[in-house]
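structure.txt follows; it contains compact mmCIF, C-alpha atoms.
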```txt
# COMPACT_ATOMS: atom_id res chain seq x y z
CA MET A 1 1.58 7.44 -29.26
CA VAL A 2 -0.71 4.60 -28.15
CA LYS A 3 0.31 0.97 -28.52
CA ILE A 4 -2.15 -1.88 -28.10
CA SER A 5 -0.96 -5.47 -27.97
CA ALA A 6 -1.95 -8.65 -26.12
CA ASN A 7 -4.60 -6.94 -23.96
CA ARG A 8 -2.14 -4.23 -22.92
CA LEU A 9 -2.54 -0.52 -23.55
CA ASP A 10 0.74 1.42 -23.45
CA MET A 11 0.32 5.19 -23.45
CA GLU A 12 3.53 7.13 -23.65
CA THR A 13 1.77 10.30 -22.51
CA LYS A 14 0.59 8.51 -19.34
CA ARG A 15 -2.72 10.34 -19.63
CA LEU A 16 -6.21 8.89 -19.90
CA GLU A 17 -9.00 11.44 -20.06
CA ARG A 18 -12.66 10.91 -19.25
CA PRO A 19 -12.68 7.12 -19.02
CA GLN A 20 -15.77 5.19 -18.07
CA MET A 21 -14.69 1.99 -16.41
CA LYS A 22 -16.63 -1.16 -15.66
CA ASN A 23 -15.42 -4.12 -13.60
CA TYR A 24 -12.40 -2.16 -12.38
CA THR A 25 -9.72 -4.24 -10.63
CA GLU A 26 -6.30 -3.69 -9.11
CA THR A 27 -3.34 -6.02 -8.90
CA LEU A 28 -2.80 -7.59 -5.48
CA VAL A 29 0.89 -7.82 -4.63
CA THR A 30 2.20 -10.09 -1.87
CA PRO A 31 5.62 -8.76 -0.88
CA SER A 32 8.16 -10.75 1.07
CA VAL A 33 7.75 -9.75 4.71
CA ALA A 34 10.82 -9.41 6.90
CA ALA A 35 12.24 -6.93 9.42
CA THR A 36 13.06 -4.81 6.37
CA THR A 37 10.14 -4.87 3.94
CA THR A 38 9.84 -3.03 0.62
CA ILE A 39 6.55 -2.09 -1.01
CA ASP A 40 7.18 -1.60 -4.75
CA VAL A 41 4.40 0.47 -6.35
CA SER A 42 5.63 -0.40 -9.84
CA LEU A 43 4.10 -3.85 -9.20
CA GLY A 44 0.67 -2.61 -8.08
CA ASN A 45 -1.10 -0.48 -5.49
CA VAL A 46 -2.70 -3.05 -3.16
CA PHE A 47 -0.40 -5.10 -0.93
CA LEU A 48 -1.19 -8.15 1.19
CA ILE A 49 1.18 -8.21 4.13
CA SER A 50 1.08 -11.54 5.96
CA GLN A 51 2.82 -10.38 9.09
CA ASN A 52 4.82 -12.94 11.06
CA VAL A 53 7.63 -10.62 12.17
CA SER A 54 7.89 -7.03 13.36
CA ILE A 55 8.68 -4.73 10.46
CA THR A 56 11.32 -2.28 11.67
CA THR A 57 12.01 -0.71 8.27
CA LEU A 58 9.19 -0.23 5.76
CA THR A 59 10.23 1.27 2.43
CA ILE A 60 7.92 2.39 -0.38
CA SER A 61 9.83 2.24 -3.68
CA ASN A 62 9.26 3.37 -7.27
CA VAL A 63 6.83 6.11 -6.28
CA PRO A 64 5.76 8.35 -9.20
CA THR A 65 7.25 11.84 -9.31
CA SER A 66 5.93 14.89 -7.53
CA GLY A 67 2.74 16.29 -8.99
CA THR A 68 1.28 12.81 -9.55
CA ILE A 69 -1.01 11.21 -6.98
CA CYS A 70 -0.04 7.73 -5.85
CA SER A 71 -2.21 5.78 -3.45
CA ILE A 72 -1.59 2.44 -1.77
CA THR A 73 -3.68 0.05 0.27
CA LEU A 74 -2.01 -2.28 2.75
CA ILE A 75 -4.02 -5.31 3.85
CA ARG A 76 -2.17 -6.51 6.93
CA VAL A 77 -2.99 -10.01 8.23
CA HIS A 78 -1.61 -11.18 11.58
CA ASP A 79 -0.25 -14.72 11.51
CA ALA A 80 -1.67 -17.75 13.35
CA THR A 81 0.13 -16.98 16.61
CA THR A 82 -0.56 -14.68 19.55
CA THR A 83 2.84 -12.99 19.13
CA THR A 84 2.70 -9.20 19.03
CA TYR A 85 4.08 -7.71 15.80
CA SER A 86 4.57 -4.04 15.03
CA ILE A 87 5.26 -1.94 11.97
CA THR A 88 7.63 1.00 12.29
CA TRP A 89 6.06 3.40 9.80
CA PRO A 90 8.28 5.68 7.74
CA THR A 91 8.56 9.20 9.16
CA SER A 92 7.03 10.40 5.88
CA PHE A 93 3.67 8.90 6.99
CA LYS A 94 1.34 11.54 8.44
CA TRP A 95 -1.58 10.02 10.33
CA VAL A 96 -5.06 11.22 11.18
CA GLY A 97 -4.67 13.01 14.52
CA GLY A 98 -0.88 12.61 14.31
CA THR A 99 -0.81 9.06 15.67
CA ALA A 100 -0.45 5.77 13.82
CA PRO A 101 -3.24 3.28 14.55
CA THR A 102 -2.74 0.37 16.93
CA LEU A 103 -2.65 -2.77 14.82
CA THR A 104 -4.77 -5.74 15.90
CA GLN A 105 -2.70 -8.51 17.51
CA THR A 106 -5.14 -11.43 17.51
CA VAL A 107 -4.75 -14.57 15.39
CA GLY A 108 -5.71 -13.89 11.78
CA ALA A 109 -6.66 -10.25 12.44
CA VAL A 110 -7.00 -8.07 9.34
CA ASP A 111 -6.18 -4.34 9.37
CA ILE A 112 -6.44 -2.13 6.28
CA ILE A 113 -4.30 0.99 5.86
CA ASN A 114 -4.69 3.51 3.03
CA ALA A 115 -2.05 6.10 2.15
CA MET A 116 -1.54 8.62 -0.62
CA THR A 117 1.21 10.99 -1.70
CA LYS A 118 1.32 13.94 -4.08
CA ASP A 119 5.00 14.73 -3.73
CA GLY A 120 6.81 11.60 -4.83
CA GLY A 121 6.62 9.99 -1.40
CA ALA A 122 8.13 12.81 0.64
CA THR A 123 4.81 12.87 2.56
CA TRP A 124 2.24 10.07 2.77
CA TYR A 125 -1.22 10.92 4.16
CA ALA A 126 -2.28 7.74 5.91
CA ALA A 127 -5.36 6.43 7.71
CA ALA A 128 -6.73 3.15 8.96
CA ALA A 129 -9.58 2.19 6.64
CA GLY A 130 -10.47 -0.66 8.98
CA LEU A 131 -9.00 -2.31 12.04
CA ASP A 132 -9.80 -5.80 13.29
CA MET A 133 -11.89 -6.58 10.21
CA ARG A 134 -14.08 -9.66 10.75
```

What's the structure tokens form of this structure?
Amino acid sequence: MVKISANRLDMETKRLERPQMKNYTETLVTPSVAATTTIDVSLGNVFLISQNVSITTLTISNVPTSGTICSITLIRVHDATTTTYSITWPTSFKWVGGTAPTLTQTVGAVDIINAMTKDGGATWYAAAAGLDMR
């Protein structure tokens, strides 16, 4: 059953076949950043992380079930200080070459990380889409 109301399309089957899209956009989510930070994919798939603290626990929540692809983009921006901040990536993140990228530590540096899962978040295939973007 399809329900359309107030510019919202609700499809109970969760299936859209053969769409042609124009002016495609995604919701940008700005999570609260702390030592323990949660990325909630029920809110969107692109996350702006204004990093002013080392993230020791990063959790990805509300990931769709196994058999459904879920992808996320993290836009990480270093704060206006020269303090070094790290992100301890979940062990479920598998990186190109087996090593997480070194995040840029300069004032205002922007790093972009893409990740996708096909098994409900048990494994995330991750890569740096861009480091030290200027």

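Summary of the local environment: counting all atoms listed in the file, residues at most 7 Å from range 117-126 of chain A, other than itself and those fewer than 4 positions away along its chain, are Val63, Pro64, Thr65, Ser66, Gly67, Thr68, Ile69, Cys70, Ser71, Ser92, Phe93, Lys94, Trp95 and Val96 of chain A.
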
**Message:** Taking (-4.9, 3.5, 3.2) as a centre in this file's frame and 10 Å as the limit, can you find every polymer residue with an atom that close, using only C-alpha atoms, and give them as a list in words?
**Reply:**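 Within the cut-off we find Val46, Ser71, Ile72, Thr73, Leu74, Ile75, Ile112, Ile113, Asn114, Ala115, Met116, Trp124, Tyr125, Ala126, Ala127, Ala128, Ala129 and Gly130 of chain A.
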
**Request:** Record the distance separating CA of Ile87 in chain A and CA of Thr25 in chain A, expressed in Å with one decimal.
**Result:** 27.2 Å

**Message:** Just checking: using all atoms listed in the file, which residue out of A:Ala80, A:Leu28, A:Ala35, A:Leu16 ends up closest to Leu58 in chain A?
**Reply:**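 Under the stated criterion, the closest residue is A:Ala35.
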
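Shell of Leu43 in chain A at 12 Å, with only C-alpha atoms counted and residues fewer than 4 places along the chain excluded, is A:Glu26, A:Thr27, A:Leu28, A:Val29, A:Thr30, A:Pro31, A:Thr38, A:Ile39, A:Phe47, A:Ile60, A:Ser61, A:Asn62, A:Val63, A:Ile72.
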